[in-house]
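Below is the file entry-v5.txt, which contains compact mmCIF, C-alpha atoms.
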```
# COMPACT_ATOMS: atom_id res chain seq x y z
CA MET A 496 -85.75 -119.66 -101.95
CA ARG A 497 -88.25 -117.45 -100.18
CA VAL A 498 -89.81 -118.82 -96.99
CA LEU A 499 -92.67 -117.62 -94.81
CA GLY A 500 -91.96 -118.61 -91.20
CA ILE A 501 -94.98 -118.75 -88.89
CA ASP A 502 -94.82 -118.77 -85.09
CA PRO A 503 -98.44 -119.73 -84.44
CA GLY A 504 -100.48 -118.24 -81.61
CA LEU A 505 -104.01 -117.07 -81.01
CA THR A 506 -103.05 -113.76 -79.35
CA ARG A 507 -99.91 -113.08 -81.40
CA CYS A 508 -99.02 -114.95 -84.57
CA GLY A 509 -95.53 -114.07 -85.82
CA LEU A 510 -94.99 -113.95 -89.60
CA GLY A 511 -91.52 -113.57 -91.10
CA VAL A 512 -90.49 -113.76 -94.76
CA VAL A 513 -86.83 -114.47 -95.51
CA GLU A 514 -85.07 -115.05 -98.80
CA GLY A 515 -81.83 -116.94 -99.20
CA SER A 516 -80.12 -120.22 -99.86
CA ILE A 517 -77.51 -122.36 -98.15
CA GLY A 518 -74.12 -120.61 -98.12
CA ARG A 519 -75.48 -117.28 -99.35
CA PRO A 520 -76.45 -114.22 -97.28
CA LEU A 521 -80.03 -114.08 -96.06
CA THR A 522 -82.39 -111.18 -96.74
CA LEU A 523 -85.30 -109.97 -94.62
CA VAL A 524 -88.33 -109.52 -96.88
CA ASP A 525 -91.02 -108.78 -94.29
CA VAL A 526 -91.81 -109.29 -90.64
CA SER A 527 -95.10 -108.73 -88.87
CA VAL A 528 -97.41 -110.00 -86.16
CA VAL A 529 -101.12 -110.73 -86.44
CA ARG A 530 -102.76 -109.89 -83.12
CA THR A 531 -106.24 -110.89 -82.08
CA SER A 532 -108.17 -109.67 -79.08
CA ALA A 533 -109.12 -112.13 -76.35
CA GLU A 534 -112.50 -110.36 -76.29
CA LEU A 535 -113.41 -111.88 -79.65
CA ALA A 536 -114.76 -115.40 -80.01
CA VAL A 537 -112.13 -118.00 -80.98
CA PRO A 538 -113.66 -118.68 -84.44
CA ASP A 539 -113.41 -114.96 -85.27
CA ARG A 540 -109.84 -114.82 -83.97
CA LEU A 541 -108.91 -117.76 -86.19
CA VAL A 542 -110.47 -116.05 -89.21
CA THR A 543 -108.38 -112.92 -88.48
CA ILE A 544 -105.25 -115.11 -88.40
CA GLU A 545 -106.26 -116.80 -91.65
CA LYS A 546 -106.71 -113.40 -93.34
CA GLY A 547 -103.33 -112.21 -92.05
CA ILE A 548 -101.53 -115.29 -93.36
CA ASP A 549 -103.35 -115.20 -96.71
CA ALA A 550 -102.41 -111.52 -97.11
CA ARG A 551 -98.70 -112.31 -96.65
CA LEU A 552 -98.89 -115.30 -98.99
CA ASP A 553 -100.55 -113.10 -101.63
CA GLU A 554 -98.07 -110.27 -101.23
CA TYR A 555 -94.78 -112.16 -100.87
CA GLN A 556 -95.44 -115.39 -102.80
CA PRO A 557 -93.09 -117.62 -100.77
CA ASP A 558 -91.82 -120.96 -102.11
CA ALA A 559 -92.49 -122.72 -98.82
CA VAL A 560 -94.01 -122.21 -95.39
CA ALA A 561 -92.27 -123.23 -92.15
CA ILE A 562 -94.40 -123.54 -89.02
CA GLU A 563 -93.37 -124.27 -85.45
CA ARG A 564 -94.22 -127.82 -84.48
CA ILE A 565 -96.50 -127.79 -81.44
CA PHE A 566 -96.25 -130.46 -78.79
CA ALA A 567 -99.14 -131.58 -76.64
CA ARG A 568 -96.90 -131.33 -73.58
CA SER A 569 -96.67 -127.54 -73.89
CA ASP A 570 -98.55 -125.14 -71.62
CA VAL A 571 -102.09 -126.53 -71.41
CA SER A 572 -103.83 -123.16 -71.06
CA THR A 573 -102.69 -121.92 -74.48
CA ILE A 574 -102.02 -125.16 -76.34
CA MET A 575 -105.44 -125.45 -77.96
CA GLY A 576 -105.37 -121.98 -79.49
CA THR A 577 -101.78 -122.45 -80.62
CA ALA A 578 -102.58 -125.80 -82.22
CA GLN A 579 -105.57 -124.29 -83.99
CA ALA A 580 -103.58 -121.31 -85.27
CA ALA A 581 -100.95 -123.77 -86.55
CA GLY A 582 -103.69 -125.79 -88.27
CA ILE A 583 -105.02 -122.67 -90.00
CA ALA A 584 -101.48 -121.82 -91.12
CA MET A 585 -101.07 -125.32 -92.60
CA VAL A 586 -104.37 -125.05 -94.47
CA CYS A 587 -103.54 -121.61 -95.88
CA ALA A 588 -100.30 -123.01 -97.32
CA ALA A 589 -101.61 -126.41 -98.45
CA ARG A 590 -104.60 -124.85 -100.23
CA ARG A 591 -102.10 -123.09 -102.51
CA GLY A 592 -100.06 -126.24 -103.00
CA LEU A 593 -97.12 -124.78 -101.08
CA PRO A 594 -94.83 -127.20 -99.24
CA VAL A 595 -95.29 -126.98 -95.47
CA ALA A 596 -92.57 -127.96 -93.03
CA LEU A 597 -92.86 -128.19 -89.27
CA HIS A 598 -89.74 -127.49 -87.24
CA THR A 599 -89.41 -128.02 -83.50
CA PRO A 600 -88.29 -125.14 -81.28
CA SER A 601 -84.97 -126.93 -80.63
CA GLU A 602 -84.34 -127.44 -84.36
CA VAL A 603 -84.93 -123.73 -84.90
CA LYS A 604 -82.72 -122.69 -81.99
CA ALA A 605 -79.96 -125.05 -83.11
CA ALA A 606 -80.15 -123.80 -86.70
CA VAL A 607 -79.76 -120.10 -85.88
CA SER A 608 -77.63 -120.20 -82.74
CA GLY A 609 -75.83 -123.55 -82.77
CA SER A 610 -77.58 -124.66 -79.57
CA GLY A 611 -80.98 -126.31 -79.20
CA ARG A 612 -81.23 -124.76 -75.74
CA ALA A 613 -80.63 -121.13 -76.68
CA ASP A 614 -82.95 -118.65 -74.95
CA LYS A 615 -85.29 -116.12 -76.63
CA ALA A 616 -82.72 -113.31 -76.35
CA GLN A 617 -80.01 -115.37 -78.06
CA VAL A 618 -82.35 -116.37 -80.87
CA GLY A 619 -83.40 -112.74 -81.38
CA LEU A 620 -79.79 -111.59 -81.42
CA MET A 621 -78.71 -114.24 -83.94
CA VAL A 622 -81.69 -113.45 -86.18
CA SER A 623 -80.77 -109.77 -86.20
CA ARG A 624 -77.12 -110.61 -87.03
CA LEU A 625 -77.98 -113.13 -89.76
CA LEU A 626 -80.36 -110.66 -91.41
CA ARG A 627 -78.05 -107.67 -90.73
CA LEU A 628 -80.74 -105.73 -88.84
CA ASP A 629 -80.05 -102.71 -86.64
CA SER A 630 -82.04 -104.15 -83.76
CA VAL A 631 -83.65 -107.36 -82.55
CA PRO A 632 -87.15 -107.79 -84.03
CA LYS A 633 -89.89 -107.32 -81.43
CA PRO A 634 -92.04 -108.95 -80.15
CA ALA A 635 -90.31 -112.31 -79.71
CA ASP A 636 -92.99 -113.93 -81.93
CA SER A 637 -91.72 -112.00 -84.94
CA ALA A 638 -88.08 -112.94 -84.23
CA ASP A 639 -89.18 -116.57 -83.83
CA ALA A 640 -91.01 -116.47 -87.16
CA LEU A 641 -87.86 -115.20 -88.87
CA ALA A 642 -85.80 -117.89 -87.11
CA LEU A 643 -88.23 -120.52 -88.45
CA ALA A 644 -87.82 -119.22 -91.99
CA ILE A 645 -84.00 -119.21 -91.64
CA CYS A 646 -84.05 -122.72 -90.15
CA HIS A 647 -86.11 -123.89 -93.11
CA ILE A 648 -83.80 -122.35 -95.68
CA TRP A 649 -80.81 -124.01 -94.04
CA ARG A 650 -82.14 -127.41 -93.10
CA GLY A 651 -85.70 -127.94 -94.20
CA GLY A 652 -85.77 -127.16 -97.90
CA ALA A 653 -84.44 -130.52 -99.01
CA GLN A 654 -86.65 -132.44 -96.59
CA ALA A 655 -89.80 -130.60 -97.73
CA ARG A 656 -89.06 -131.52 -101.36
CA ILE A 657 -88.58 -135.17 -100.40
CA ASP A 658 -91.85 -135.19 -98.42
CA ALA A 659 -93.78 -133.49 -101.22
CA ALA A 660 -92.45 -135.98 -103.78
CA ALA A 661 -93.34 -138.90 -101.51
CA ALA A 662 -96.86 -137.51 -101.02
CA ARG A 663 -97.30 -137.11 -104.80
CA VAL A 664 -96.17 -140.70 -105.41
CA ALA A 665 -98.49 -141.95 -102.64
CA THR A 666 -101.47 -140.01 -104.07
CA ALA A 667 -100.75 -141.13 -107.64
CA GLY A 668 -100.50 -144.72 -106.45
CA ARG A 669 -103.90 -144.61 -104.77
CA SER A 670 -105.72 -142.93 -107.63
CA ARG A 671 -104.84 -145.68 -110.10
CA PRO A 672 -107.58 -148.21 -110.82
CA MET B 1400 -133.43 -124.03 -86.97
CA ARG B 1401 -131.00 -126.11 -88.99
CA VAL B 1402 -127.72 -127.04 -87.33
CA LEU B 1403 -124.54 -128.66 -88.64
CA GLY B 1404 -122.96 -130.71 -85.85
CA ILE B 1405 -119.26 -131.48 -86.24
CA ASP B 1406 -117.38 -134.17 -84.32
CA PRO B 1407 -113.86 -133.07 -85.25
CA GLY B 1408 -111.08 -135.51 -86.02
CA LEU B 1409 -108.18 -135.84 -88.42
CA THR B 1410 -108.92 -139.45 -89.44
CA ARG B 1411 -112.71 -139.25 -89.26
CA CYS B 1412 -114.65 -136.00 -88.98
CA GLY B 1413 -118.36 -136.60 -88.36
CA LEU B 1414 -120.83 -134.17 -89.95
CA GLY B 1415 -124.53 -134.24 -89.13
CA VAL B 1416 -127.25 -131.82 -90.18
CA VAL B 1417 -130.43 -131.74 -88.11
CA GLU B 1418 -133.46 -129.49 -88.35
CA GLY B 1419 -135.85 -128.78 -85.50
CA SER B 1420 -136.75 -126.57 -82.61
CA ILE B 1421 -137.43 -127.01 -78.90
CA GLY B 1422 -140.58 -129.03 -78.34
CA ARG B 1423 -141.00 -130.06 -81.98
CA PRO B 1424 -139.87 -133.30 -83.66
CA LEU B 1425 -136.34 -133.33 -85.05
CA THR B 1426 -135.51 -134.18 -88.67
CA LEU B 1427 -132.34 -135.74 -90.04
CA VAL B 1428 -131.20 -133.70 -93.03
CA ASP B 1429 -127.83 -135.35 -93.73
CA VAL B 1430 -125.12 -137.35 -92.05
CA SER B 1431 -121.65 -138.13 -93.33
CA VAL B 1432 -118.04 -138.60 -92.36
CA VAL B 1433 -115.00 -136.98 -93.96
CA ARG B 1434 -112.14 -139.47 -93.82
CA THR B 1435 -108.50 -138.65 -94.46
CA SER B 1436 -105.66 -141.07 -94.89
CA ALA B 1437 -102.82 -141.11 -92.36
CA GLU B 1438 -100.49 -141.49 -95.36
CA LEU B 1439 -101.15 -137.90 -96.38
CA ALA B 1440 -99.36 -134.94 -94.80
CA VAL B 1441 -101.36 -133.19 -92.05
CA PRO B 1442 -101.77 -129.93 -94.04
CA ASP B 1443 -103.35 -131.89 -96.92
CA ARG B 1444 -105.60 -133.80 -94.51
CA LEU B 1445 -106.79 -130.51 -93.00
CA VAL B 1446 -107.55 -129.14 -96.48
CA THR B 1447 -109.65 -132.26 -97.20
CA ILE B 1448 -111.58 -131.65 -93.99
CA GLU B 1449 -112.05 -127.99 -94.88
CA LYS B 1450 -113.44 -128.95 -98.31
CA GLY B 1451 -115.80 -131.50 -96.76
CA ILE B 1452 -117.18 -128.99 -94.27
CA ASP B 1453 -117.49 -126.24 -96.88
CA ALA B 1454 -119.39 -128.63 -99.16
CA ARG B 1455 -121.98 -129.38 -96.43
CA LEU B 1456 -122.30 -125.70 -95.56
CA ASP B 1457 -122.90 -124.89 -99.23
CA GLU B 1458 -125.40 -127.68 -99.71
CA TYR B 1459 -127.41 -127.50 -96.48
CA GLN B 1460 -127.08 -123.83 -95.47
CA PRO B 1461 -127.37 -124.36 -91.72
CA ASP B 1462 -128.26 -121.52 -89.34
CA ALA B 1463 -125.55 -122.49 -86.88
CA VAL B 1464 -122.61 -124.85 -86.41
CA ALA B 1465 -122.06 -126.88 -83.22
CA ILE B 1466 -118.59 -128.32 -82.63
CA GLU B 1467 -117.37 -130.62 -79.88
CA ARG B 1468 -115.27 -128.71 -77.37
CA ILE B 1469 -111.82 -130.28 -77.15
CA PHE B 1470 -109.95 -130.43 -73.88
CA ALA B 1471 -106.19 -130.45 -73.59
CA ARG B 1472 -106.44 -133.32 -71.12
CA SER B 1473 -107.79 -135.69 -73.78
CA ASP B 1474 -105.67 -138.41 -75.39
CA VAL B 1475 -102.33 -136.75 -76.16
CA SER B 1476 -101.57 -138.83 -79.28
CA THR B 1477 -104.59 -137.53 -81.21
CA ILE B 1478 -105.31 -134.23 -79.46
CA MET B 1479 -103.30 -132.04 -81.84
CA GLY B 1480 -105.05 -133.30 -84.98
CA THR B 1481 -108.44 -133.10 -83.29
CA ALA B 1482 -107.79 -129.54 -82.11
CA GLN B 1483 -106.68 -128.55 -85.60
CA ALA B 1484 -109.72 -130.12 -87.25
CA ALA B 1485 -111.92 -128.26 -84.75
CA GLY B 1486 -110.09 -125.03 -85.59
CA ILE B 1487 -110.72 -125.54 -89.31
CA ALA B 1488 -114.40 -126.21 -88.58
CA MET B 1489 -114.63 -122.96 -86.61
CA VAL B 1490 -113.02 -120.98 -89.43
CA CYS B 1491 -115.30 -122.51 -92.08
CA ALA B 1492 -118.34 -121.37 -90.07
CA ALA B 1493 -117.02 -117.98 -88.91
CA ARG B 1494 -115.93 -117.03 -92.43
CA ARG B 1495 -119.60 -117.23 -93.45
CA GLY B 1496 -120.72 -115.28 -90.40
CA LEU B 1497 -122.46 -118.35 -88.96
CA PRO B 1498 -122.74 -118.61 -85.17
CA VAL B 1499 -120.42 -121.29 -83.77
CA ALA B 1500 -121.09 -123.04 -80.47
CA LEU B 1501 -118.82 -125.45 -78.67
CA HIS B 1502 -120.45 -128.13 -76.55
CA THR B 1503 -118.58 -130.46 -74.22
CA PRO B 1504 -119.04 -134.23 -74.58
CA SER B 1505 -120.94 -134.33 -71.27
CA GLU B 1506 -123.30 -131.55 -72.36
CA VAL B 1507 -124.04 -133.49 -75.54
CA LYS B 1508 -124.56 -136.79 -73.72
CA ALA B 1509 -126.79 -135.13 -71.12
CA ALA B 1510 -128.85 -133.40 -73.82
CA VAL B 1511 -129.66 -136.52 -75.83
CA SER B 1512 -129.69 -139.20 -73.12
CA GLY B 1513 -130.32 -137.38 -69.85
CA SER B 1514 -126.95 -138.46 -68.46
CA GLY B 1515 -123.57 -136.77 -68.92
CA ARG B 1516 -121.93 -140.16 -68.49
CA ALA B 1517 -123.82 -142.07 -71.18
CA ASP B 1518 -121.65 -144.37 -73.31
CA LYS B 1519 -121.27 -144.29 -77.11
CA ALA B 1520 -123.91 -146.99 -77.60
CA GLN B 1521 -126.51 -145.12 -75.53
CA VAL B 1522 -125.84 -141.88 -77.41
CA GLY B 1523 -126.18 -143.66 -80.76
CA LEU B 1524 -129.42 -145.32 -79.69
CA MET B 1525 -130.95 -142.07 -78.46
CA VAL B 1526 -129.92 -140.26 -81.65
CA SER B 1527 -131.61 -142.93 -83.76
CA ARG B 1528 -134.79 -142.70 -81.64
CA LEU B 1529 -134.92 -138.91 -81.63
CA LEU B 1530 -134.48 -138.79 -85.42
CA ARG B 1531 -136.74 -141.84 -85.98
CA LEU B 1532 -134.02 -143.77 -87.84
CA ASP B 1533 -134.18 -147.50 -88.57
CA SER B 1534 -130.67 -148.05 -87.20
CA VAL B 1535 -127.93 -146.37 -85.22
CA PRO B 1536 -125.77 -144.16 -87.49
CA LYS B 1537 -122.29 -145.61 -88.00
CA PRO B 1538 -119.46 -144.87 -87.39
CA ALA B 1539 -119.78 -143.37 -83.90
CA ASP B 1540 -118.38 -140.07 -85.23
CA SER B 1541 -121.49 -139.56 -87.36
CA ALA B 1542 -123.84 -140.34 -84.45
CA ASP B 1543 -121.83 -137.94 -82.28
CA ALA B 1544 -122.12 -135.20 -84.91
CA LEU B 1545 -125.91 -135.64 -84.96
CA ALA B 1546 -125.99 -135.60 -81.16
CA LEU B 1547 -124.06 -132.31 -81.22
CA ALA B 1548 -126.60 -130.79 -83.60
CA ILE B 1549 -129.50 -132.00 -81.44
CA CYS B 1550 -127.80 -130.70 -78.29
CA HIS B 1551 -127.40 -127.32 -79.96
CA ILE B 1552 -131.03 -127.13 -81.06
CA TRP B 1553 -132.17 -127.92 -77.52
CA ARG B 1554 -129.76 -125.99 -75.38
CA GLY B 1555 -127.32 -123.96 -77.40
CA GLY B 1556 -129.40 -121.86 -79.76
CA ALA B 1557 -130.23 -119.17 -77.25
CA GLN B 1558 -126.69 -119.03 -75.90
CA ALA B 1559 -125.20 -118.67 -79.38
CA ARG B 1560 -127.48 -115.71 -80.10
CA ILE B 1561 -126.45 -114.07 -76.83
CA ASP B 1562 -122.75 -114.61 -77.58
CA ALA B 1563 -123.10 -113.27 -81.12
CA ALA B 1564 -124.93 -110.17 -79.89
CA ALA B 1565 -122.27 -109.60 -77.21
CA ALA B 1566 -119.50 -109.95 -79.80
CA ARG B 1567 -121.26 -107.46 -82.10
CA VAL B 1568 -121.62 -104.95 -79.26
CA ALA B 1569 -117.96 -105.44 -78.27
CA THR B 1570 -116.79 -104.94 -81.88
CA ALA B 1571 -119.02 -101.90 -82.39
CA GLY B 1572 -117.71 -100.41 -79.14
CA ARG B 1573 -114.10 -100.76 -80.23
CA SER B 1574 -114.61 -99.38 -83.73
CA ARG B 1575 -116.02 -96.06 -82.45
CA PRO B 1576 -113.61 -93.10 -82.45
```

Would it be possible to restate this file's structure as structure tokens?
Amino acid sequence: MRVLGIDPGLTRCGLGVVEGSIGRPLTLVDVSVVRTSAELAVPDRLVTIEKGIDARLDEYQPDAVAIERIFARSDVSTIMGTAQAAGIAMVCAARRGLPVALHTPSEVKAAVSGSGRADKAQVGLMVSRLLRLDSVPKPADSADALALAICHIWRGGAQARIDAAAARVATAGRSRP
Amino acid sequence: MRVLGIDPGLTRCGLGVVEGSIGRPLTLVDVSVVRTSAELAVPDRLVTIEKGIDARLDEYQPDAVAIERIFARSDVSTIMGTAQAAGIAMVCAARRGLPVALHTPSEVKAAVSGSGRADKAQVGLMVSRLLRLDSVPKPADSADALALAICHIWRGGAQARIDAAAARVATAGRSRP
């Protein structure tokens, strides 16, 4: 399966596309970062992020989208923009009918490094090893996006299919007379 | 000017369209609430909200959009969904090049009732008086959306034009060689 991992952020939004399946080698398809200037108004920054995500979805046609789950207890000064970027990412995927999975930072760290408390450097190093890259992807947002995609391939794919099926059943149930 | 006021929320998103200008009577154009079921996945709920907002923008062609400014210190259990709904609202407006203004709850209360600490009932009552309605719009989200639109007509219009002009100048400055 091919997964677009998104590390949401208003200033830097990491986007990583990885292809693979459980027990098979992983392949890096694309990695990039959408940057928006703090001089622009937030609505315009969010539109730039939307365009960036839509462009990757158009170009790489992933089977699923994995987004970092944001917690309200995170840094208050950036949490609103991060939450909004994550919301835009969800809408971009859901509009196309793509399954969306949210993974927590500890789930992602545990999936790629074996420890939910790994630091940024360890995550970057493991991502570069798993994808057989010559160097650690920079900035950290791009490495995190790739880690999200890898995490999803390894642990989230099955769960996303279960959730999607449950949602379809729930919707079908409600639309009956 | 015609303004779409949006009281963002994942469960209920209030949408109110008001027409008027400073010193002239205000007119209710439309008021509605987009509701999404908690049984649906968040990405699908956000898409429903996006469709609802886009439909009002298409139908009523407002000159500006006024959205409640969300603070990270609000209720933690609903803040993420509210922030995301607000982000979608911003994108819907900015995509069309419409000016977006964020007004705080106290600014809105002060604009319609004269006091930044007015309660929901007072805001609803003042909205119904200002728009010459027979009853207070229900639920509160719809009254709040109308109050946002009124607030914007009275205090935000000038500011939005200044911000938009500043953003245009900033963008033009950066795009020069």

Near A:Pro503, within 9 Å and counting only C-alpha atoms, which residues show up once chain neighbours fewer than 3 positions away are dropped, as a PyMOL selection string? chain A and resi 507-510+562-563+565+576-582+584+636+640

Considering all atoms listed in the file, can you say which of A:His598, A:Arg497, A:Arg650, A:Arg540 comes closest to A:Phe566?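 Counting all atoms listed in the file, the residue closest to A:Phe566 is A:His598.
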
How close does each residue of chain B get to chain A, giving the shortest atom pair and distance in Å to one decimal for every residue with an atom at most 8 Å away, counting all atoms listed in the file, sorted by chain and residue number, as a tab-separated table?
```
residue	atom	partner	partner_atom	distance
B:Glu1438	CA	A:Ala665	CA	7.6
B:Leu1439	CA	A:Ala662	CA	6.3
B:Ala1440	CA	A:Ala662	CA	7.2
B:Val1441	CA	A:Met585	CA	7.9
B:Pro1442	CA	A:Met585	CA	4.9
B:Asp1443	CA	A:Ala589	CA	5.9
B:Leu1445	CA	A:Val586	CA	6.2
B:Val1446	CA	A:Val586	CA	5.6
B:Phe1470	CA	A:Met575	CA	7.9
B:Ala1471	CA	A:Val571	CA	6.1
B:Val1475	CA	A:Ala567	CA	6.1
B:Ile1478	CA	A:Ala567	CA	7.3
B:Met1479	CA	A:Ala578	CA	6.3
B:Ala1482	CA	A:Gln579	CA	6.0
B:Gln1483	CA	A:Gln579	CA	4.7
B:Ala1484	CA	A:Gly582	CA	7.5
B:Ala1485	CA	A:Gln579	CA	7.5
B:Gly1486	CA	A:Gln579	CA	4.9
B:Ile1487	CA	A:Ile583	CA	6.4
B:Met1489	CA	A:Pro538	CA	4.9
B:Val1490	CA	A:Pro538	CA	5.5
B:Ala1492	CA	A:Pro538	CA	7.8
B:Ala1493	CA	A:Pro538	CA	5.6
B:Arg1494	CA	A:Val542	CA	6.4
B:Val1499	CA	A:Pro538	CA	7.3
B:Ala1566	CA	A:Leu535	CA	6.4
B:Ala1569	CA	A:Glu534	CA	7.6
```

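Contact shell of B:Tyr1459 at 9 Å (all atoms listed in the file; same-chain neighbours under 4 positions omitted): B:Arg1401, B:Leu1403, B:Val1416, B:Val1428, B:Asp1429, B:Ala1454, B:Arg1455.
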
So which one's closest to B:Pro1504, B:Asp1406, B:Glu1458, B:Ala1564, B:Val1432? Using only C-alpha atoms, please.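 Comparing B:Asp1406, B:Glu1458, B:Ala1564, B:Val1432 against B:Pro1504, the winner is B:Asp1406.
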
Residues proximal to (-81.2, -112.3, -83.2) were defined as those with any atom within 12 Å of that point in the file's coordinates, counting all atoms listed in the file. Which are they, as a VMD selection string? chain A and resid 604 607 to 608 613 to 642 645

For a test of reading the model, state the distance in Å between atom CA of A:Gln556 and atom CA of A:Thr531, rounded to one decimal.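 Atom-to-atom, atom CA of A:Gln556 to atom CA of A:Thr531, that is 23.8 Å.
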
Report the distance between atom CA of B:Leu1427 and atom CA of B:Cys1550 in Å, rounded to one decimal place.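 We find that atom CA of B:Leu1427 and atom CA of B:Cys1550 lie 13.6 Å from each other.
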
Find the residue from A:Ala533, A:Ile517, A:Ala559, A:Val526 that sits nearest to A:Leu505; use only C-alpha atoms when measuring.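 Ranking A:Ala533, A:Ile517, A:Ala559, A:Val526 by distance to A:Leu505, first place goes to A:Ala533.
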
Can you work out the spacing between atom CA of B:Leu1425 and atom CA of B:Gly1451 in Å, to one decimal?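 Spanning atom CA of B:Leu1425 to atom CA of B:Gly1451 is a straight-line distance of 23.7 Å.
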
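Proximity to A:Val560 was assessed for A:Ala606, A:Val529, A:Pro520, A:Ile548 counting only C-alpha atoms; the smallest distance is recorded for A:Ile548.
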
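Among the candidates B:Ala1571, B:Met1400, B:Leu1501, B:Ile1405, the residue lying nearest to B:Trp1553 is B:Met1400 (atoms considered: only C-alpha atoms).
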
As JSON, please: the centre and edge lengths in Å, to one decimal, of an axis-aligned box enclosing every listed atom of stretch 1433-1444 of chain B with 4 Å added on each side.
```
{"center_x": -107.2, "center_y": -135.7, "center_z": -94.5, "size_x": 23.6, "size_y": 19.6, "size_z": 12.9}
```
